[in-house]
Amino acid sequence: MNRELEYMFVKRARVWIPDAEEVWKSAELNKDYKNGDASLQLMLEDGTNIEHKLDPKTKNLPYLRNPDILVGENDLTALSYLHEPAVLHNLKVRFMDSKLIYTYCGIVLVAINPYETLGIYGSDIINAYSGQNMGDMDPHIFAVAEEAYKQMARDERNQSIIVSGESGAGKTVSAKYAMRYFATVSGSTSEANVEQKVLASNPIMEAIGNAKTTRNDNSSRFGKYIEIGFDTRYRIIGANMRTYLLEKSRVVFQADEERNYHIFYQLCASSHLPEFKMLKLSSANDFLYTRQGRSPVIDGVDDTKELSSTRKAFTLLGINESNQMGLFQVLAAILHLGNVEIKDRDSDSSIIPPNNGHLTAFCDLVGVTYQDMSQWLCHRKLKTATETYIKTLPRLQATNARDALSKHIYAKLFNWIVEHVNKALITNFKQHSFIGVLDIYGFETFEINSFEQFCINYANEKLQQQFNMHVFKLEQEEYMKEQIPWTLIDFYDNQPCINLIEAKMGILDLLDEECKMPKGSDDSWAQKLYNTHLKTCSLFEKPRMSNRAFIIQHFADKVEYQCEGFLEKNKDTVNEEQINVLKASKFPLLVELFHDGEKAISPTGQVPGTGGRTRLSIKPEKGREKSSKEHKKTVGCQFRNSLQMLMETLNATTPHYVRCIKPNDFKLAFSFDPKRAVQQLRACGVLETIRISAAGFPSRWTYQEFFSRYRVLMKQKDVLPDRRLTCRNVLEHLVQDQDKYQFGKTKIFFRAGQVAYLEKLRAEKLRAACIRIQKTIRCWLARKKYLRKRSAAITIQRFTRGHQARRLAKFMRRTQAATTIQKYQRMCVEKKRYRQKQAAALVMQTILRAYMARQKYRALLRESKVVIIQKRVRGWLARCWYKRCLVSLVYLQCCFRRMKARRELKKLKIEARSVEHFKKLNKGMENKIMQLQRKLDEQNKENRLVNERLAGLENTYTTESERMRGELSRLRGAEEDAKNKGHQVTSLLEELEKLRKELSSTQKEKKTIEDWAQNYRSEMEKMVSELKDQNGSLKKEKDDLNRLIQEQSQQMTEKMARAILEETQQLKTDLNEERSRYQNLLTEHLRLEEKYDDLKEEMVSSNVPKAGHRRRDSTHSSNGSEYTYNSEYAELEDGSRAAEDVTRGMDTSLTLKLQKRLTELEQEKQSLRNELENKEDQFQRARARDDVEFKKARGAELEYESLKRQELESENKKLRHDLKEIRQSLVGNAATGAGAPGSPAYKVVLEQLNASCEELEVRKEEVLILRSQLVSQKEAMHHKETMTEPSVYVEDVSKLKDAGELKQAYVGLKDTNRSPRFTRKPLEVSDLLSRLRSAAPDFHKLNEDGELWLVNQGLKETIRLLEHQLQTQRRGYDSEVESLRGELQNVKEENNRQQQLLAQNLQLPPEARIEASLQHEITRLTNENLELLAEDPTASREARVIILRRMVDLMEQLEKQDRTIRKLKKQLKVYSKRIGEMGAGQTEGQTSPGQMVDEPIHPVNIPRREKDFQGMLEYNKEDELKLVKNLILELKPRGVAVNLIPGLPAYILFMCLRHADYVNDDQKVRTLLTSTINSIKKILKKRGDDFETVSFWLSNTCRFLHCLKQYSGDEAFMKHNSPRQNEHCLSNFDLAEYRQVISDLAIQIYQQLIKCMENILQPMIVSGMLEHETIQGVSGVKPTGLRKRTSSIADEGTYTLDSILRQLSAFHSTMCQHGTDPELIKQVVKQQFYIIGAVTLNNLLLRKDMCSWSKGMQIRYNVSQLEEWLRDKGLMTFGAKETLEPLIQAAQLLQVKKKTDEDADAICSMCLGLTTAQIVKVLNLYTPVNEFEERVSVSFIRTIQTRLRDRCESPQLLMDTKMIYPVTFPFSPSSLALETIQIPSSLNLAFLTRV
């Protein structure tokens, strides 16, 4: 021991020391510990140095820490040092770092509540744990459930799962998941859905028994024990529930932040629903019983939805709507009763105010009278021996009585619901075994502990005692099994505490006695407890400061109980008069509640007739009626009896323990409080389990595991063949103390700490080996580096010296060469210089002489031209002066005349103004004038005579006055004219002076303009040059853009191709999904068929009549040969009727449900089949559409050719149709001379001809329109590449000089405006001209000297271009019109020829008409081809293609007609044969005997020659059963596969089918096919587990299907047939529907084959791929705990990778021998590899011990071996390798570096086949096997999660191992000739005759 201490407590050793905050804190020794030291020098993890004092008495050293490789183990017992800090640290690491909530502790599963929803409870996880051993997978509640289920089936012993823990620790959820596991893996025996009912009981019990507390939002306030019953096949048949100690006080009182039971809040939240209006409910805050906790709402919980779930669960369990409403009515009445207000009348009495609304509602809901209830709520009846008194109650007592009544009603309702749930869960099947799930409260201690906590802790004391005994028993059994000596282990026995509670004169006994006392009270009971136990029992104590409390020392902790309320709660009394009022209720359900109360069962009784065993703590014992004086049993007594029976049940079963731990009190996700965790670990017994294990030999190794792990500690001479002797020798050498280990039969047992000691030795040995290896490698590397440097130096020296020598020689050669070169070069330079000077002198002389001559010539020419210019200029100046003078004179005249006109105008204006003034002045006098006028008229009438007299005098006077006035006016005008002319002369002189000044300014402006024009001309010339340069650059840009557009078009083509490929892949994926759905439905259909057959056999076998054998109809054969495939429903009905006749009392609902389900599946299968066909059609259409779009993308030219081709084809089809109608019309009237002119046929011909001509014209117009559009689109596409906006054309068109450029610009502009991008109208010619004019500069400002020539030139060019284009178009139109006329003439001639041909054909016989018409058509097409070839070779090629297509169509029509003729001839032969037989029979009956004797030679012609065999087999109908029996049912696949040709049974069956088709016997065809299908199903059902049988019939079924396709007569399947095979096609029946049926059968056989392979491979995969060390010595075995992989089942043999490869080879060779199609073999192998990869990966994700670097290497090696197998078989290219990609990536993930951000990026890019959940799971599970490896940090895992959060993927963790790829059966025709097949005699088919 001292040596070990000195070796372990050394410097750097890590220990645990106590801490007030963290409970335990890690520290490291700064120096070695020596025996006798009083303290230890330690350093904490934060670097603080402390001195740890040792206890001077005990000298106990601190706990040692386990090695890092043992931290985070699945089983706490695998730790080398077993103590409290090690357990706490291991749980914390798993919970906080790895996010693992489950951990084993021996036989206990520790579950920590994560307060977060985890995805580890799905059906995939259930399937992964199903059938696995408990030690093989990571800890899980499903592993415990699987272990219980497996032990029940293996040991045939009932099991129990005990779930315990604090409130909020997750007990209810754990129990719920355990029940879900049983319901999923076992199923039920009937269609009653018992497993669903078991799960449906959970929401009901949670609603009425769970509530929110300060520690848990869904805390169970009662205990329950659910027994799930199983039959002999271990399928669920029912369940039964027991409940314990419902917390009734919560109905009437809740503490702060707590709620009442959930059901009350669900009803209040749903009060708005119409069906709940009668309950008169409102918000939960309006009722006393639901508002006391002041927390009516739970975050994240919708009470309305929860009530809906509760009601659905009620309905599923058979509680109808009326009973549900009754339950809700009672619950609402309880709420109203709580709101009844009771007031004081006086000090001793109370009263309820009249017309209390809540009491009225209560009475209405429960059906009682208001008066009775109000009276007995405030009064009480007292009975004595002689009299009965009615006593009033004070308000406080009345309130307590009201609350007691509410609690009593709720308890009755709770019991009623539990009873009916049990009734719904119990079936009529006999229970064989059961698994019980106990969900019970854990140890509780609060500030105030009352009767409920006392009962809870009492139950936990009993359970802890049972747990301790069970653990001790298992340890003892293990030691005895291994035959090792052991001593009695001391463990804590809590029997004294149990005796203190339940023994005679114990606490419960004294409590019951005090309850019977008339004046018993809590105080007196407390005094009795003090007097009885205070001095006699050390576990009982009295508090110092209280006389009404007591303390009990429980196994977990001391608990102080307050005595107040113990008696009242134990009595559980209710006013009997109130109960009587309720019993008299008119509400049936309430009466039933209290009626059942009188007959309530005891905790040990059973309800008669129901089979249930509901044991409640509040029910009295059932028995004989007692006298009224005897009291019912108290609550404590009932609970004790219930607990006693529970313990008896648990002791009779094999228990499994689940301890739930609450990590913190604040419900924080993945937050760990060490203090709270340690309290619970101590309370739930986990630490006691550790202490018991540590007291013995906790670490256990098999000899092989020990040898593999510690082989490095052995020398070669120590290794012996006997592993046990080797381990013994090594241990004796390594560990001196013999007590530290023991050798068992199969294992080595170690004391605590020994494994850590051995691990340290191993680590040191490995470290020393690593140092030695590093030393050697570094030496080798250094020497290798030195030698490499020395060699390099020598090489460098050699090359350097050689280089220097070469440089010297080269220098000498260059020097000599340079001297020679200089000599010759200088000579050449001088010679060249002389010649240059000579030539320059000659050139200069020539240039000077020429220059002087030119100058003289130019001077003479200049003088001559100057003279001419002067002459012209002087003449021009004279003319200009004359013109200016003339213009000036004219201008002066105009000015003078203008002046006179102005004066006249002024005068007129003055006169006009005077008249207007006069009008204005006299405007107001008009009315007066009118009045005066009227008066004047009257006076005129009166004075008319006077006026007549004076008229003459007045006229004379007036005439004279006028004359004088005119003369005066004339004189005045003359005077004014004279004055005006004087003024006009002056103004004209001024105007003349002004005009002279303007003339001089105009001349100056003219000179300025001339200068500007000169400058402008130079600028324009410069601009033209720049434009030319710009034009060149634009052309370059154009070329670049063209090249860019070509590249973009190529990219678009590639992009379109990729898009088409992606869409094709998507369509393929959708098609595979539809196939998968369809095949899954086929699987379901097959499963239901098998289930129906099993039930039918069970019904028949269990109900066979006793007397004799029941006779069956003779038409019903045993193999069902007379049934068709579609008559399965009739079979179901017949079978159900037969079973009903035999067993009249049998329930037929199951059969009806199966029939209905089968009908639905058939309909769904048909719909899916149609949908699959639609999907295939859509796929084909989409593919064709994509091809068309791809072709369209190739350009406008291909579109144009396609349109031309389509046009010709449509014309051809139209002409064919017309020709057909003409033929039909003529043929129909051939006998009446219909071909003559005027006949109906002739009219039809003319009409068709006219219609054809019109159609032709329309088509030609359409072709022209399309052609023009295509050409314009092509040009637009060509020019759009360089010009993107139309404004460019408008701006630059005036700058273009070339006509071609102008034309190009105009066409581009027109096409651009035509594009949908620009909505303006097309640019016309006038618009173009106007734009050209407007686009030019302001030329109107230029003078008349010729500056507009540039604009005129551009306009002329444009007009010329447009005229040329117009003429070109006109010529094109004329030519097209001519061609159309020619074509119309040709069509008319063709119609005439057709008419003549029809007239000739009418005279021919029918067969000759077809040949003649075909010959004529061929001749016509040939002539057209020759004409086109002569005219246009390109058009001839197109026409040739069209002609070939026409010829192919005609040939196909001819072949179809030939096949029809042959088919009709065959039918005619058959009919003639039958008629001949009938006629021969009649003739035979009529002939005489002499005639019969005269014909003896006829039988000679009956034998047939061998060469005439048609590949058919004839058989009689009565031999059909024998055929099916010998060929299918009794055939041995092994002999057929080895000795005969593959697929022989399929060929034989098809040849028989051919003969039935040949003789046209539909009944024979139907029965043969049906018998074949049913027989194959029968043989597969009988031998479905035999791989050879399933493979054999899969191959033959596929071959039979291919034969049906190959010889069906469909052209698609006849391409690869020989002419002889085409003659063997089926002639009378279309078996397409049967092909689909056989295809479905092949799918079912394929799925059966996959299941068979999976069953064979499943046991091998995990062992061969994960557990077996293919590379020996790479992975070491880590220490394991109690859960060994061999603990659950016996050894089944060890599988290796070679076993898997051999099995795969066996599968492959078997399928090849059976002749399976290669494509089908590839699909099978792909499915095999998917199963291997999925199962391996799933186990890797659920096994922490497999996630290590060395295991990743093993997996990658194993995968490489599988890939090598694929290469050997030639199966690498079809996708099998890709199915292993997730496994490969997982193995790579185990091996890559996992530290830096670069590593995270590499992992994210590498693991594309893994989901985020899988990657994180592998990283969390990664466990170092050696100390040299490092764990993955939490920060790195979070980095991975952050980078992968954008992935869109399924959150599912595990792969679906049940997934089957959809299978396809590619058509594979056979080259084997049917007539050559020989039937071997070994098949016993001699009754078949070859035909």
# chains A, B, ... in the order shown; residues from 1 in each chain; ligands from 1
>>> select_by_dssp(residues="range 80-238 of chain A", states="alpha helix (DSSP H)", output="ChimeraX atom specification")
/A:84-92,123-129,141-155,171-186,194-209
>>> residues_around(residues="Ser249 in chain A", least_positions_apart="5", cutoff="9 Å", atoms="only C-alpha atoms", output="list in words")
Gln254, Asp403, Ala404 and Lys407 of chain A
>>> atom_distance(atom1="CA of Ala148 in chain A", atom2="CA of Ile435 in chain A")
7.4 Å
>>> residues_around(residues="range 501-514 of chain A", least_positions_apart="6", cutoff="12 Å", atoms="only C-alpha atoms", output="PyMOL selection string")
chain A and resi 451+454-455+457-459+461-462+494-495+520-534+536-537+539-540+550-554+561+563+565-571+631-641+643-644
